$ cat my_file_18.txt   # compact mmCIF, C-alpha atoms
# COMPACT_ATOMS: atom_id res chain seq x y z
CA MET A 1 38.04 -12.31 0.14
CA PRO A 2 37.02 -10.11 3.08
CA PRO A 3 33.96 -11.35 4.90
CA ALA A 4 30.82 -10.23 3.15
CA ASN A 5 28.95 -9.18 6.25
CA LYS A 6 29.09 -5.49 7.05
CA PRO A 7 30.94 -4.51 10.20
CA ASP A 8 27.85 -3.38 12.04
CA SER A 9 25.55 -6.11 10.93
CA ALA A 10 24.64 -9.03 13.13
CA SER A 11 27.52 -10.88 14.72
CA PRO A 12 29.09 -13.58 12.61
CA GLU A 13 28.28 -16.14 15.25
CA MET A 14 25.67 -17.98 13.22
CA ALA A 15 27.56 -17.98 9.96
CA TRP A 16 30.83 -19.01 11.54
CA ALA A 17 29.28 -21.71 13.67
CA GLU A 18 27.67 -23.09 10.51
CA LEU A 19 31.00 -23.14 8.67
CA MET A 20 32.74 -24.72 11.62
CA ARG A 21 30.14 -27.47 11.81
CA ALA A 22 30.71 -28.24 8.16
CA GLY A 23 34.47 -28.07 8.70
CA LEU A 24 34.32 -30.50 11.58
CA ALA A 25 32.34 -32.83 9.38
CA GLY A 26 35.29 -32.79 6.97
CA ASP A 27 34.24 -30.07 4.50
CA ALA A 28 37.60 -28.50 3.64
CA ALA A 29 36.12 -25.69 1.52
CA ALA A 30 33.82 -24.49 4.29
CA TYR A 31 36.67 -24.77 6.75
CA ARG A 32 38.91 -22.71 4.55
CA GLN A 33 36.23 -20.07 4.17
CA LEU A 34 35.94 -19.91 7.95
CA LEU A 35 39.67 -19.50 8.53
CA GLU A 36 39.82 -16.82 5.86
CA ALA A 37 37.01 -14.93 7.54
CA ILE A 38 38.60 -15.24 10.96
CA ALA A 39 42.16 -14.33 9.99
CA PRO A 40 41.57 -10.56 9.52
CA ARG A 41 39.87 -10.40 12.90
CA LEU A 42 42.77 -12.21 14.47
CA ARG A 43 45.18 -9.81 12.79
CA LYS A 44 43.37 -6.82 14.19
CA PHE A 45 43.17 -8.48 17.59
CA ALA A 46 46.88 -9.27 17.58
CA VAL A 47 47.93 -5.81 16.42
CA HIS A 48 45.75 -4.25 19.09
CA GLY A 49 47.05 -6.54 21.80
CA LEU A 50 50.69 -6.21 20.83
CA SER A 51 50.60 -2.45 20.43
CA ARG A 52 51.57 -2.05 24.08
CA ILE A 53 54.65 -4.21 23.92
CA GLY A 54 55.86 -3.30 20.46
CA ASN A 55 58.30 -5.13 18.23
CA ALA A 56 56.48 -8.46 18.16
CA ASP A 57 55.22 -9.45 14.77
CA ALA A 58 51.45 -9.62 14.85
CA GLU A 59 51.35 -11.94 11.87
CA ASP A 60 53.30 -14.56 13.83
CA VAL A 61 50.63 -14.40 16.50
CA VAL A 62 47.87 -14.71 13.90
CA GLN A 63 49.51 -17.84 12.55
CA GLU A 64 50.01 -19.34 15.97
CA ILE A 65 46.35 -18.72 16.84
CA LEU A 66 45.17 -20.25 13.56
CA LEU A 67 47.23 -23.34 14.21
CA ALA A 68 45.76 -23.64 17.71
CA ILE A 69 42.22 -23.19 16.37
CA HIS A 70 42.90 -25.98 13.93
CA LEU A 71 44.47 -28.45 16.32
CA LYS A 72 41.93 -27.83 19.07
CA ARG A 73 38.86 -27.54 16.85
CA GLN A 74 37.28 -30.59 18.41
CA THR A 75 37.06 -28.81 21.76
CA TRP A 76 34.26 -26.64 20.42
CA MET A 77 31.00 -28.23 21.53
CA GLN A 78 28.66 -27.85 18.61
CA ASP A 79 25.68 -27.04 20.81
CA GLN A 80 27.55 -24.11 22.36
CA PRO A 81 28.16 -20.61 20.98
CA PHE A 82 31.17 -20.42 18.70
CA LEU A 83 32.52 -16.93 19.39
CA PRO A 84 33.30 -17.40 23.09
CA TRP A 85 35.28 -20.48 22.14
CA LEU A 86 37.13 -18.62 19.42
CA ASN A 87 37.84 -15.70 21.73
CA ALA A 88 39.15 -17.99 24.43
CA ILE A 89 41.66 -19.57 22.06
CA ALA A 90 42.79 -16.22 20.65
CA ARG A 91 43.26 -14.71 24.10
CA HIS A 92 45.02 -17.78 25.43
CA LYS A 93 47.58 -17.68 22.64
CA LEU A 94 48.03 -13.92 22.84
CA ILE A 95 48.72 -14.19 26.57
CA ASP A 96 51.20 -16.96 25.78
CA VAL A 97 53.06 -14.76 23.31
CA MET A 98 53.16 -11.85 25.73
CA ARG A 99 54.58 -14.06 28.48
CA ARG A 100 57.18 -15.31 26.05
CA LYS A 101 58.15 -11.72 25.36
CA GLY A 102 58.53 -11.28 29.09
CA ARG A 103 55.41 -9.21 29.63
CA ARG A 104 52.63 -9.88 32.02
CA GLY A 105 49.65 -11.17 30.13
CA GLU A 106 47.57 -8.03 30.01
CA VAL A 107 45.30 -8.72 27.12
CA PRO A 108 42.62 -6.38 25.84
CA ILE A 109 39.23 -7.08 27.33
CA GLU A 110 37.59 -6.72 23.95
CA GLY A 111 37.05 -9.95 22.11
CA LEU A 112 37.64 -10.46 18.43
CA ILE A 113 34.30 -9.12 17.49
CA GLU A 114 34.23 -5.95 19.54
CA VAL A 115 37.49 -4.97 17.89
CA LEU A 116 36.34 -3.14 14.78
CA PRO A 117 37.19 -5.08 11.69
CA ASP A 118 38.83 -2.33 9.59
CA THR A 119 41.09 -5.10 8.56
CA PRO A 120 44.75 -4.42 7.96
CA PRO A 121 45.94 -6.40 4.94
CA GLU A 122 48.20 -9.35 5.41
CA PRO A 123 51.79 -8.12 5.29
CA GLU A 124 53.67 -9.04 2.14
CA SER A 125 56.67 -10.48 3.93
CA SER A 126 56.70 -14.24 3.88
CA HIS A 127 59.48 -14.71 6.40
CA SER A 128 57.78 -15.66 9.61
CA GLU A 129 58.48 -17.50 12.81
CA LEU A 130 56.48 -20.36 11.38
CA THR A 131 58.91 -20.71 8.47
CA LYS A 132 61.74 -21.08 10.97
CA LEU A 133 59.81 -23.65 12.93
CA VAL A 134 59.01 -25.66 9.80
CA SER A 135 62.72 -25.85 9.08
CA ARG A 136 63.18 -27.50 12.47
CA LEU A 137 60.81 -30.38 11.69
CA ASP A 138 62.29 -33.72 10.82
CA GLY A 139 62.75 -34.65 7.16
CA LYS A 140 59.48 -36.22 6.11
CA GLN A 141 57.20 -33.90 8.08
CA GLN A 142 59.09 -30.90 6.78
CA THR A 143 58.85 -32.02 3.17
CA VAL A 144 55.15 -32.77 3.44
CA ILE A 145 54.28 -29.51 5.19
CA SER A 146 56.28 -27.39 2.75
CA SER A 147 54.77 -29.18 -0.19
CA ILE A 148 51.23 -28.60 0.99
CA SER A 149 51.53 -25.11 2.46
CA LEU A 150 54.25 -23.31 0.52
CA ASP A 151 53.92 -25.05 -2.83
CA GLY A 152 50.15 -25.40 -2.51
CA ASN A 153 50.09 -29.05 -3.55
CA SER A 154 47.17 -31.21 -2.59
CA ILE A 155 47.66 -34.21 -0.37
CA LYS A 156 47.21 -36.44 -3.38
CA ASP A 157 49.85 -34.64 -5.48
CA THR A 158 52.22 -34.63 -2.55
CA ALA A 159 51.78 -38.35 -2.16
CA THR A 160 52.54 -38.96 -5.84
CA LYS A 161 55.52 -36.62 -5.82
CA LEU A 162 57.07 -38.21 -2.76
CA GLY A 163 56.11 -41.75 -3.61
CA MET A 164 54.15 -42.13 -0.37
CA SER A 165 50.62 -43.36 0.20
CA GLU A 166 47.99 -40.68 0.77
CA GLY A 167 47.37 -42.04 4.22
CA ALA A 168 51.05 -41.73 5.12
CA VAL A 169 51.09 -38.14 3.86
CA ARG A 170 48.04 -37.30 5.95
CA VAL A 171 49.62 -38.77 9.06
CA ALA A 172 52.99 -37.06 8.55
CA PHE A 173 51.20 -33.81 7.79
CA HIS A 174 48.98 -33.92 10.85
CA ARG A 175 51.87 -34.90 13.12
CA GLY A 176 53.93 -32.11 11.63
CA LEU A 177 51.23 -29.56 12.47
CA LYS A 178 51.06 -30.83 16.04
CA LYS A 179 54.82 -30.67 16.29
CA LEU A 180 54.76 -27.06 15.10
CA ALA A 181 52.40 -26.15 17.92
CA SER A 182 54.74 -27.69 20.45
CA LEU A 183 57.73 -25.90 18.89
CA TYR A 184 55.91 -22.62 19.45
CA ARG A 185 55.51 -23.55 23.09
CA GLU A 186 59.16 -24.51 23.44
CA ALA A 187 60.09 -21.11 22.08
CA SER A 188 58.88 -19.75 25.41
CA ALA A 189 61.67 -21.64 27.15
CA THR A 190 64.44 -20.03 25.08
CA MET B 1 55.23 -18.61 5.42
CA LYS B 2 52.28 -16.42 4.58
CA THR B 3 49.08 -16.73 6.52
CA ASN B 4 47.25 -17.71 3.39
CA ASP B 5 49.64 -20.60 2.84
CA LEU B 6 48.98 -21.72 6.38
CA ILE B 7 45.23 -21.58 5.81
CA THR B 8 45.67 -23.68 2.68
CA ALA B 9 47.57 -26.21 4.71
CA LEU B 10 45.10 -26.30 7.58
CA SER B 11 42.16 -26.76 5.22
CA ALA B 12 43.96 -29.68 3.62
CA ASP B 13 44.15 -31.24 7.07
CA ALA B 14 40.43 -30.62 7.79
CA PRO B 15 39.19 -34.09 6.88
CA GLU B 16 41.62 -35.54 9.42
CA GLN B 17 39.21 -36.53 12.17
CA GLN B 18 40.45 -36.38 15.71
CA MET B 19 38.80 -37.93 18.70
CA PRO B 20 36.55 -35.38 20.39
CA PRO B 21 37.83 -34.62 23.92
CA ARG B 22 34.51 -35.66 25.43
CA ARG B 23 34.95 -39.16 24.06
CA ALA B 24 38.56 -39.31 25.24
CA PHE B 25 37.34 -38.26 28.67
CA LEU B 26 34.74 -41.04 28.76
CA ILE B 27 37.24 -43.64 27.65
CA ALA B 28 39.66 -42.45 30.32
CA ILE B 29 37.01 -42.73 33.06
CA VAL B 30 35.97 -46.23 32.04
CA LEU B 31 39.55 -47.49 31.78
CA ALA B 32 40.50 -45.79 35.05
CA ALA B 33 37.68 -47.55 36.86
CA ALA B 34 38.67 -50.83 35.23
CA ILE B 35 42.28 -50.43 36.38
CA ALA B 36 41.30 -49.60 39.95
CA ALA B 37 38.81 -52.49 40.00
CA ALA B 38 41.44 -54.90 38.67
CA ILE B 39 43.90 -53.89 41.39
CA TRP B 40 41.19 -54.19 44.00
CA ILE B 41 40.23 -57.70 42.96
CA GLY B 42 43.63 -58.92 41.86
CA ARG B 43 45.97 -57.53 44.48
CA LEU B 44 43.95 -56.47 47.46
CA GLY B 45 41.36 -59.21 47.43
CA LEU B 46 37.88 -58.88 48.76
CA HIS B 47 37.31 -57.60 52.25
CA HIS B 48 37.09 -60.82 54.32
CA ASP B 49 33.36 -60.58 54.92
CA PHE B 50 32.69 -58.32 51.99
CA LEU B 51 28.96 -58.82 51.53
CA GLN B 52 28.10 -58.59 55.18
CA SER B 53 30.14 -55.48 55.64
CA TRP B 54 27.63 -53.53 53.54
CA LEU B 55 25.23 -53.95 56.44
CA THR B 56 27.49 -51.99 58.76
CA PRO B 57 26.73 -48.31 58.39
CA ARG B 58 30.36 -47.19 58.68
CA PHE B 59 31.50 -49.38 55.82
CA ALA B 60 28.55 -48.46 53.64
CA PHE B 61 29.08 -44.78 54.34
CA LYS B 62 32.80 -44.99 53.53
CA VAL B 63 32.13 -46.47 50.11
CA PHE B 64 29.24 -44.08 49.54
CA VAL B 65 31.19 -40.93 50.35
CA THR B 66 34.14 -41.92 48.15
CA ALA B 67 31.70 -42.73 45.35
CA VAL B 68 30.10 -39.30 45.79
CA LEU B 69 33.55 -37.75 45.52
CA ALA B 70 34.39 -39.71 42.38
CA VAL B 71 31.10 -38.91 40.64
CA THR B 72 31.08 -35.21 41.52
CA ALA B 73 34.71 -34.91 40.45
CA VAL B 74 33.87 -36.48 37.10
CA PHE B 75 31.09 -33.95 36.54
CA ALA B 76 33.23 -31.02 37.64
CA ALA B 77 36.12 -32.18 35.43
CA ARG B 78 34.05 -32.94 32.36
CA ASP B 79 34.16 -29.48 30.79
CA MET B 80 37.66 -28.52 31.88
CA ALA B 81 39.14 -29.45 28.51
CA ARG B 82 37.24 -26.60 26.84
CA PRO B 83 39.19 -23.35 26.33
CA GLU B 84 36.27 -21.08 27.21
CA VAL B 85 35.55 -22.84 30.51
CA GLU B 86 37.61 -21.29 33.30
CA HIS B 87 35.56 -22.90 36.04
CA SER B 88 33.14 -25.73 35.71
CA ARG B 89 29.59 -24.63 36.45
CA LEU B 90 29.25 -27.81 38.46
CA ARG B 91 32.20 -27.13 40.75
CA LEU B 92 29.96 -26.46 43.75
CA LEU B 93 29.05 -30.15 43.63
CA LEU B 94 32.58 -30.83 44.86
CA TRP B 95 31.50 -29.71 48.30
CA SER B 96 29.09 -32.63 48.69
CA ALA B 97 31.62 -35.29 49.70
CA PRO B 98 33.45 -33.07 52.23
CA LEU B 99 30.14 -31.94 53.74
CA LEU B 100 28.91 -35.51 54.07
CA LEU B 101 32.19 -36.44 55.68
CA VAL B 102 32.04 -33.58 58.18
CA CYS B 103 28.54 -34.68 59.22
CA ALA B 104 29.73 -38.25 59.59
CA VAL B 105 32.70 -37.17 61.68
CA ILE B 106 30.43 -35.22 64.01
CA ALA B 107 28.11 -38.21 64.31
CA GLU B 108 31.09 -40.45 65.02
CA LEU B 109 32.42 -38.13 67.71
CA ILE B 110 29.02 -38.23 69.37
CA ALA B 111 28.67 -42.00 69.03
CA LEU B 112 32.12 -42.92 70.31
CA PRO B 113 33.57 -42.38 73.79
CA GLN B 114 36.42 -39.92 73.72
CA SER B 115 38.93 -42.62 74.62
CA LEU B 116 38.34 -44.30 71.24
CA TRP B 117 38.72 -41.21 69.08
CA MET B 118 42.46 -41.46 68.56
CA VAL B 119 42.34 -45.25 68.30
CA ARG B 120 39.87 -45.11 65.43
CA LEU B 121 41.59 -42.20 63.77
CA VAL B 122 44.93 -44.03 63.72
CA GLY B 123 43.26 -47.30 62.72
CA HIS B 124 45.17 -50.38 61.64
CA ASN B 125 46.33 -49.44 58.25
CA ALA B 126 47.11 -45.78 57.86
CA ARG B 127 50.43 -46.32 56.11
CA PHE B 128 48.97 -48.91 53.73
CA CYS B 129 46.12 -46.54 52.93
CA MET B 130 48.52 -43.70 52.30
CA THR B 131 50.47 -45.94 49.92
CA MET B 132 47.65 -47.74 48.15
CA ILE B 133 45.42 -44.79 47.28
CA PRO B 134 48.21 -42.90 45.51
CA LEU B 135 49.44 -46.10 43.82
CA MET B 136 45.97 -47.00 42.61
CA SER B 137 45.54 -43.43 41.38
CA LEU B 138 48.57 -43.45 39.12
CA GLY B 139 47.10 -45.32 36.15
CA PRO B 140 43.84 -43.36 36.31
CA LEU B 141 45.79 -40.08 36.55
CA VAL B 142 47.80 -40.90 33.44
CA LEU B 143 44.57 -41.67 31.59
CA MET B 144 42.90 -38.45 32.71
CA LEU B 145 45.90 -36.37 31.66
CA TRP B 146 45.96 -38.18 28.32
CA ALA B 147 42.32 -37.24 27.79
CA PHE B 148 42.85 -33.61 28.80
CA ARG B 149 45.86 -33.28 26.53
CA ARG B 150 43.49 -33.72 23.62
CA GLY B 151 41.60 -30.73 24.90
CA ALA B 152 42.56 -27.11 25.39
CA PRO B 153 42.09 -26.39 29.09
CA ALA B 154 41.74 -22.71 29.92
CA ASN B 155 43.71 -23.28 33.09
CA PRO B 156 46.11 -26.24 32.82
CA ALA B 157 46.93 -26.44 36.54
CA ARG B 158 43.28 -26.42 37.52
CA ALA B 159 42.41 -29.03 34.91
CA GLY B 160 45.33 -31.14 36.18
CA ALA B 161 44.10 -30.84 39.76
CA LEU B 162 40.66 -32.05 38.71
CA ALA B 163 42.25 -34.89 36.77
CA GLY B 164 44.02 -35.84 40.00
CA LEU B 165 40.83 -35.58 42.01
CA VAL B 166 38.94 -37.82 39.58
CA ALA B 167 41.77 -40.35 39.61
CA ALA B 168 42.07 -40.37 43.40
CA GLY B 169 38.29 -40.44 43.77
CA ILE B 170 37.99 -43.54 41.60
CA ALA B 171 40.95 -45.20 43.33
CA SER B 172 39.58 -44.51 46.79
CA VAL B 173 36.20 -46.09 46.03
CA PHE B 174 37.93 -49.38 45.29
CA TYR B 175 40.44 -48.99 48.06
CA ALA B 176 37.59 -48.32 50.51
CA MET B 177 35.99 -51.65 49.69
CA HIS B 178 39.18 -53.34 50.86
CA CYS B 179 40.34 -51.18 53.74
CA PRO B 180 39.45 -52.60 57.19
CA ASP B 181 39.25 -49.18 58.82
CA ASP B 182 35.70 -47.93 58.52
CA SER B 183 35.53 -45.02 60.94
CA PRO B 184 34.79 -41.61 59.42
CA LEU B 185 37.64 -40.36 61.61
CA PHE B 186 40.04 -42.57 59.68
CA VAL B 187 38.57 -41.66 56.30
CA ALA B 188 38.56 -37.94 57.02
CA THR B 189 42.22 -38.05 58.00
CA TRP B 190 44.06 -40.48 55.77
CA TYR B 191 41.88 -40.61 52.68
CA THR B 192 41.82 -36.84 52.62
CA LEU B 193 45.60 -36.65 52.85
CA ALA B 194 46.13 -39.23 50.11
CA ILE B 195 43.52 -37.69 47.80
CA GLY B 196 44.85 -34.21 48.43
CA PHE B 197 48.33 -35.38 47.60
CA ILE B 198 47.27 -36.83 44.24
CA THR B 199 45.24 -33.71 43.48
CA GLY B 200 48.38 -31.66 44.06
CA VAL B 201 50.43 -33.97 41.86
CA GLY B 202 47.75 -33.57 39.19
CA ALA B 203 47.95 -29.78 39.41
CA LEU B 204 51.72 -29.88 39.11
CA LEU B 205 51.71 -32.25 36.16
CA GLY B 206 48.83 -30.37 34.58
CA SER B 207 50.64 -27.06 34.65
CA ARG B 208 53.38 -28.68 32.57
CA LEU B 209 51.65 -31.30 30.44
CA LEU B 210 48.36 -29.60 29.70
CA ARG B 211 49.72 -26.43 28.17
CA TRP B 212 48.74 -25.98 24.57

$ encode --input "my_file_18.txt" --output "structure tokens"
Amino acid sequence: MPPANKPDSASPEMAWAELMRAGLAGDAAAYRQLLEAIAPRLRKFAVHGLSRIGNADAEDVVQEILLAIHLKRQTWMQDQPFLPWLNAIARHKLIDVMRRKGRRGEVPIEGLIEVLPDTPPEPESSHSELTKLVSRLDGKQQTVISSISLDGNSIKDTATKLGMSEGAVRVAFHRGLKKLASLYREASAT
Amino acid sequence: MKTNDLITALSADAPEQQMPPRRAFLIAIVLAAAIAAAIWIGRLGLHHDFLQSWLTPRFAFKVFVTAVLAVTAVFAARDMARPEVEHSRLRLLLWSAPLLLVCAVIAELIALPQSLWMVRLVGHNARFCMTMIPLMSLGPLVLMLWAFRRGAPANPARAGALAGLVAAGIASVFYAMHCPDDSPLFVATWYTLAIGFITGVGALLGSRLLRW
């Protein structure tokens, strides 16, 4: 679902901050709604930023930013504005990608919100850098992450299917996500 | 993997509660002080006439100025784990300890005859000071970097430098309570060198370990 607010209406600051608060309190549905609302903005931001260097896949950048948002979500102070935090993470990761591609980090000044949200749709292709990185995880983490992301199983179902406890699945899953973020970083060394 | 699949996965991980970086930072500070205090009491031992020495202005000032450094560094470092904070708003506070020290050095130069300047600057224990402050900073530095790794510092090298400054600040408070050299001339020379060294080490480690 595209975000319901009109492009020119008030900034999504309030709504997003609200969702993020709920997400940080453990509300997965609110959190999902937030990430879904942010993703199109990130896509536009990435396309815009990458347009000067060409040939990098914007969707890879979107996914890397989403992963960073997730893993660093506790660094948002709930009494502070949300958008500057979000912008900082998006820009940081975009600069990272551009360095990796051997370009000086010259990132658009505009933040996510100033970039008009005439959102490009998510590309159909499902082969992404992230898929490659998942295949480099060790056995258990890889199985758990594929089960939950690609096959859309819940943590509970995954636990039953693999004969693990739910707690063990959660731990392997969370560690796997952290490992993915560090694999992205290592990619800059290659 | 499609972005939607990733979002599904991340939402499934949402209830996984991580320690907020602020709490990690607090824990690191408390443990760092505990480590430095333990080394001070356990290995260095109390200054021979510890309680009386507080009455001498040079000793009291030495401990005070290192404490000012440690406290201001903690405040300046506190927000460095946040991605949207390039510079701490409190970074100007970092000038307080150096300014105090400059004033004390001037006062000392006025109070002492010129023939004693070099004697006091060299002191008894410069090499020990240059060894102990960095050694006592190591544990605290590891803790500070651990705390910052949970964050997302906008500038990893800068965050690492502040981690080093906090660690060296805490270490030097406890070292100061042991060190027999009280002259501001000694402090301004050797403490500054040792603390600067650890701050540099922090920046170097930070630029590698604090990337995210």

$ residues_near_point --input "my_file_18.txt" --point "(40.0, -45.7, 47.9)" --cutoff "10 Å" --atoms "all atoms listed in the file" --output "count of residues only"
30

$ closest_atom_pairs --input "my_file_18.txt" --of "chain B" --to "chain A" --cutoff "12 Å" --atoms "only C-alpha atoms" --output "CSV"
residue,atom,partner,partner_atom,distance
B:Met1,CA,A:Ser126,CA,4.9
B:Lys2,CA,A:Ser126,CA,5.0
B:Thr3,CA,A:Gln63,CA,6.1
B:Asn4,CA,A:Glu36,CA,7.9
B:Asp5,CA,A:Ser149,CA,4.9
B:Leu6,CA,A:Ser149,CA,5.8
B:Ile7,CA,A:Leu35,CA,6.5
B:Thr8,CA,A:Ser149,CA,6.0
B:Ala9,CA,A:Ser149,CA,4.7
B:Leu10,CA,A:His70,CA,6.7
B:Ser11,CA,A:Ala28,CA,5.1
B:Ala12,CA,A:Ala28,CA,6.5
B:Asp13,CA,A:His174,CA,6.7
B:Ala14,CA,A:Ala28,CA,5.5
B:Pro15,CA,A:Gly26,CA,4.1
B:Glu16,CA,A:Gly26,CA,7.3
B:Gln17,CA,A:Gly26,CA,7.5
B:Gln18,CA,A:Gln74,CA,7.1
B:Met19,CA,A:Gln74,CA,7.5
B:Pro20,CA,A:Gln74,CA,5.2
B:Pro21,CA,A:Thr75,CA,6.2
B:Arg22,CA,A:Thr75,CA,8.2
B:Arg23,CA,A:Gln74,CA,10.5
B:Ala24,CA,A:Gln74,CA,11.2
B:Phe25,CA,A:Thr75,CA,11.7
B:Arg78,CA,A:Thr75,CA,11.8
B:Asp79,CA,A:Thr75,CA,9.5
B:Met80,CA,A:Thr75,CA,10.1
B:Ala81,CA,A:Thr75,CA,7.1
B:Arg82,CA,A:Thr75,CA,5.5
B:Pro83,CA,A:Ala88,CA,5.7
B:Glu84,CA,A:Ala88,CA,5.1
B:Val85,CA,A:Ala88,CA,8.6
B:Glu86,CA,A:Ala88,CA,9.6
B:Ala147,CA,A:Thr75,CA,11.6
B:Phe148,CA,A:Thr75,CA,10.3
B:Arg149,CA,A:Lys72,CA,10.0
B:Arg150,CA,A:Lys72,CA,7.6
B:Gly151,CA,A:Thr75,CA,5.8
B:Ala152,CA,A:Lys72,CA,6.4
B:Pro153,CA,A:Thr75,CA,9.2
B:Ala154,CA,A:His92,CA,7.4
B:Asn155,CA,A:His92,CA,9.5
B:Pro156,CA,A:His92,CA,11.3
B:Arg208,CA,A:Arg185,CA,11.0
B:Leu209,CA,A:Ser182,CA,11.1
B:Leu210,CA,A:Ser182,CA,11.4
B:Arg211,CA,A:Arg185,CA,8.2
B:Trp212,CA,A:Arg185,CA,7.3

$ residues_around --input "my_file_18.txt" --residues "B:Leu185" --least-positions-apart "3" --cutoff "7 Å" --atoms "only C-alpha atoms" --output "PyMOL selection string"
chain B and resi 105+120-121+188-189

$ atom_distance --input "my_file_18.txt" --atom1 "atom CA of B:Val102" --atom2 "atom CA of B:Val201"
24.6 Å

$ axis_aligned_box --input "my_file_18.txt" --around "stretch 18-28 of chain A" --padding-each-side "5 Å" --output "AutoDock Vina command-line options"
--center_x 32.6 --center_y -28.0 --center_z 7.7 --size_x 19.9 --size_y 19.7 --size_z 18.2

$ residues_near_point --input "my_file_18.txt" --point "(32.0, -29.6, 46.0)" --cutoff "10 Å" --atoms "only C-alpha atoms" --output "ChimeraX atom specification"
/B:68-69,72-73,76,90-99

$ atom_distance --input "my_file_18.txt" --atom1 "atom CA of B:Ala33" --atom2 "atom CA of B:Val65"
16.4 Å

$ closest_residue --input "my_file_18.txt" --among "A:Leu180, A:Val144, A:Leu162, A:Ile95" --to "A:Leu50" --atoms "all atoms listed in the file"
A:Ile95

$ atom_distance --input "my_file_18.txt" --atom1 "atom CA of A:Leu42" --atom2 "atom CA of B:Ser88"
27.0 Å

$ closest_residue --input "my_file_18.txt" --among "A:Phe45, A:Ile65, A:Met164, A:Ala187" --to "A:Arg99" --atoms "only C-alpha atoms"
A:Ala187

$ residues_around --input "my_file_18.txt" --residues "A:Asp79" --least-positions-apart "4" --cutoff "12 Å" --atoms "all atoms listed in the file" --output "PyMOL selection string"
chain A and resi 14+17-18+20-21+75+85
